[in-house]
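Peer 1: Below is one structure. I have some questions about it.
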Amino acid sequence: MDDSYYKSKDLKKFGDITEFQEKLGNKFFEYYGEVFEEGALTKREKALIALAVAHTVQCPYCIDAYTTESLENGASEEQMMEAVHVSAAIRGGSSLVHGVQMMNKVKGLSM
Amino acid sequence: MKSLQAEAHSLSDPVTQLELINSHNEKIRSLSKFEDKLKEINLFPLKPTGVEIFQMNVGYMCNMTCKHCHVDAGPDRTEIMTKETFQYCLDALKNTDINTVDLTGGAPEMNPHFRWFVGEVSKLGKHVIVRSNLTILTTNKFSDLPEFFKEHGVEVTCSLPFYSKSRTDRQRGKGTYDKSITALKRLNELGYGKEDTGLLLNLVYNPVGAFLPGDQEEIKQEFKKELSRTHGIEFNDLYTITNLPISRFLNFLLMSGNLEEYMEKLIEAFNPAAATGVMCRNTISVGWDGRLFDCDFNQMLEMEIHEDSVQHIREFDLDSLNNRQILVNQHCFGCTAGAGSSCGGATT
């Protein structure tokens with residue numbers, strides 16, 4: 001028995017989530033498709049944002065999908081890694097900015 | 001790096017290539033057939049819309065050995081079009097309204113009759129496109145070609161798979177990017193790629209790996225921005241071309257374990273509109289030895305034009321060619337995926 005939680009081939013089955021709840025699933029995919037259409041942002045820019053978010057939420061399916069999507073839409077390796085650094089900076093920064101809360105508490109408790 | 005042919009590699013055999021993309025394993029065998037996809041949209045048998053582009057492969061010799069090359073071209077290839085065959089092409093062109101002559105290879109410039117032919121075909125008033133690898137224009141023997149191109153109003157369509165050095169050199173060999181930039185700057189100096197000069201300079205983008213090209217216009221804008229920012233280079237148009245699963249790119253797919261997924265991706269992306277606009281419907285491909293093919297890819301797979309049509313350029317007959325049945329196989333999914341792919345880029 002395969003005891004791995006993540007299987008790359010499962011990405012292709014994403015659409016199957018409608019099997020258990022068709023209406024909500026279809027609404028989601030319709031929305032999802034429209035989100036990634038070219039708008040005020042280009043498809044390449046959206047793919048890079050998605051790539052950064054994929055690293056933030058640490059979704060291996062999304063990382064695979066939006067690495068390919070970024071390549072297909074003409075992003076360079078440098079752009080893709082910079083997107084991951086943006087993700088890392090926000091994750092790191094979000095921990096550190098809570099340091100202010102810690103400092104506030106320390107100062108409130110201390111003489 | 002040697003050609004697959006020089007290495008006596010099994011994939012230098014077109015029959016082996018066709019077997020691989022049709023029946024390599026159970027997964028590949030289970031995939032939809034191109035012919036059936038055409039039948040679903042009432043496009044089979046595939047027929048020409050009328051020949052408008054006369055594409056000539058003037059030889060497989062090239063100064064480069066790119067990893068994705070569908071021709072398996074390289075310095076060790078000796079197949080080259082003779083002057084006699086060029087003359088057959090001129091004779092054919094004299095008597096038709098076909099206006100565009102598209103010269104490809106290998107490096108077409110390396111054919112010893114290249115300059116003579118361009119001069120002759122220009123006298124006929126035909127529009128000439130040369131598919132240049134750019135690096136050839138930086139070698140001593142061919143460094144005066146940009147001026148020659150300008151003199152004859154030749155449209156230059158050149159390979160530049162990416163605007164960054166690392167990705168370009170990975171596909172086309174170390175040092176390619178710098179030489180390509182040198183050649184592009186020289187072409188720009190002569191007016192190529194500049195507005196209102198009429199000297200057309202187009203780039204060909206093809207993915208450096210097992211993925212499809214994205215939106216052509218968006219990639220063009222990104223190339224324009226980056227090449228202008230980093231090198232001050234200008235160009236007119238950019239064509240995105242999908243890598244077809246044959247020859248060296250097929251070898252890459254196989255060796256990297258991407259064959260099944262790539263074929264599946266091409267098939268999933270089948271676009272009926274792109275199928276309607278495939279280039280073989282308005283193009284005829286002349287091989288280095290004068291044999292006729294539906295396209296340069298079929299030429300590399302030795303899929304000679306349908307037996308009911310004329311077979312050789314010396315027998316050229318436009319009516320016969322315009323009424324032929326176009327031969328298709330699984331590699332054709334490369335031209336119908338997404339926005340479509342042709343020597344002139346996306347087709348939809």
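Residue numbering restarts at 1 in every chain; chains get A, B, ... in the order shown in the structure tokens, and ligands count up from 1 in that same order.
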Mind the document's chain letters and residue numbers, and return as a PyMOL selection string the residues of chain A that DSSP labels helix (DSSP H, G or I).
Peer 2: chain A and resi 8-19+22-35+43-57+60-72+77-97+99-109
Peer 1: Tell me which protein, DNA and RNA residues are within 10 Å of Val53 of chain A, counting only C-alpha atoms, leaving out same-chain ones fewer than 2 positions away, and put them as a list in words.
Peer 2: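 Neighbouring residues, sequence-local ones excluded: Ala47, Leu48, Ile49, Ala50, Leu51, His55, Thr56, Val57, Gln58, Cys59, Cys62, Ile63, Tyr66, Ala83, Val84, Val86, Ser87 and Ala88 of chain A.
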Peer 1: Please save C-alpha atoms of the selected residues as a PDB file, in the first residue's frame.
Peer 2:
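The resulting file, result-v4.pdb, is shown below:
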```pdb
ATOM      1  CA  ALA A  47       1.392  32.782 -12.492  1.00  0.00           C
ATOM      2  CA  LEU A  48       4.274  34.291 -10.494  1.00  0.00           C
ATOM      3  CA  ILE A  49       1.917  35.445  -7.730  1.00  0.00           C
ATOM      4  CA  ALA A  50       0.381  31.959  -7.645  1.00  0.00           C
ATOM      5  CA  LEU A  51       3.866  30.452  -7.479  1.00  0.00           C
ATOM      6  CA  HIS A  55       5.226  28.248  -1.541  1.00  0.00           C
ATOM      7  CA  THR A  56       3.550  30.107   1.296  1.00  0.00           C
ATOM      8  CA  VAL A  57       0.791  27.535   1.643  1.00  0.00           C
ATOM      9  CA  GLN A  58       3.339  24.801   0.837  1.00  0.00           C
ATOM     10  CA  CYS A  59       1.092  23.008  -1.602  1.00  0.00           C
ATOM     11  CA  CYS A  62       0.318  24.158  -6.712  1.00  0.00           C
ATOM     12  CA  ILE A  63       4.121  24.384  -6.853  1.00  0.00           C
ATOM     13  CA  TYR A  66       2.564  27.133 -11.215  1.00  0.00           C
ATOM     14  CA  ALA A  83       8.754  35.265  -6.302  1.00  0.00           C
ATOM     15  CA  VAL A  84       9.714  32.523  -3.820  1.00  0.00           C
ATOM     16  CA  VAL A  86       8.812  37.350  -1.705  1.00  0.00           C
ATOM     17  CA  SER A  87       6.939  34.432  -0.152  1.00  0.00           C
ATOM     18  CA  ALA A  88       9.810  33.799   2.285  1.00  0.00           C
TER      19      ALA A  88
END
```
Peer 1: Return the neighbours of chain B among the residues of chain A, cut-off 9 Å, counting only C-alpha atoms, as a CSV table (one decimal) with C-alpha atoms, in the first residue's frame.
Peer 2:
```csv
chain,number,residue,atom,x,y,z
A,42,THR,CA,-0.8,39.6,-17.3
A,43,LYS,CA,-1.0,35.8,-17.2
A,44,ARG,CA,2.7,35.7,-16.4
A,68,THR,CA,5.0,25.0,-15.3
A,69,GLU,CA,2.6,27.8,-15.7
A,70,SER,CA,5.3,30.4,-15.0
A,71,LEU,CA,7.7,28.7,-17.5
A,72,GLU,CA,5.0,28.5,-20.2
A,73,ASN,CA,4.2,32.2,-19.8
A,74,GLY,CA,7.8,33.2,-20.3
A,75,ALA,CA,9.0,33.8,-16.7
A,76,SER,CA,12.7,33.5,-16.2
A,77,GLU,CA,14.4,31.4,-13.4
```
Peer 1: What lies within 8 Å of Phe54 of chain B using only C-alpha atoms, ignoring chain neighbours under 5 positions off, as a list in words?
Peer 2: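 Skipping anything fewer than 5 positions along the chain leaves Ile98, Thr100, Val101, Asp102, Thr283, Ile284, Ser285 and Val286 of chain B.
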Peer 1: Within 7 Å of Lys47 of chain B, counting only C-alpha atoms, which residues show up once you throw out same-chain ones fewer than 4 positions away? Write them as an MDAnalysis selection string, please.
Peer 2: chainID B and resid 281 323:326
Peer 1: Which residue out of B:Ala346, B:Ala275, B:Leu18, B:Cys66 has the minimum interatomic distance to Phe44 of chain B when only C-alpha atoms are used?
Peer 2: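 With only C-alpha atoms as the atom set, the closest residue is B:Ala275.
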Peer 1: List the neighbours of Thr139 of chain B out to 10 Å using only C-alpha atoms; skip same-chain residues closer than 4 positions along the sequence, and give me the result as a PyMOL selection string.
Peer 2: chain B and resi 63+134-135+143-144+179+183
Peer 1: Applying 12 Å and only C-alpha atoms, which residues near Ile28 of chain B remain after dropping the ones on its own chain fewer than 3 positions away? List them as a VMD selection string.
Peer 2: chain B and resid 18 to 25 31 to 33 258 to 265 267 330
Peer 1: Skip Thr18 of chain A itself and residues of its chain fewer than 6 positions away, then list as a PDB file with C-alpha atoms, in the first residue's frame all residues within 10 Å of it, counting only C-alpha atoms.
Peer 2:
```
ATOM      1  CA  LEU A  24     -20.013  24.339  -5.472  1.00  0.00           C
ATOM      2  CA  GLY A  25     -17.187  22.639  -7.357  1.00  0.00           C
ATOM      3  CA  ASN A  26     -18.352  24.027 -10.697  1.00  0.00           C
ATOM      4  CA  LYS A  27     -18.745  27.493  -9.221  1.00  0.00           C
ATOM      5  CA  PHE A  28     -15.217  27.306  -7.867  1.00  0.00           C
ATOM      6  CA  PHE A  29     -13.673  26.212 -11.174  1.00  0.00           C
TER       7      PHE A  29
END
```
Peer 1: So how far away is atom CA of Lys224 of chain B from atom CA of Gly193 of chain B, in Å?
Peer 2: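 So the answer is 11.0 Å.
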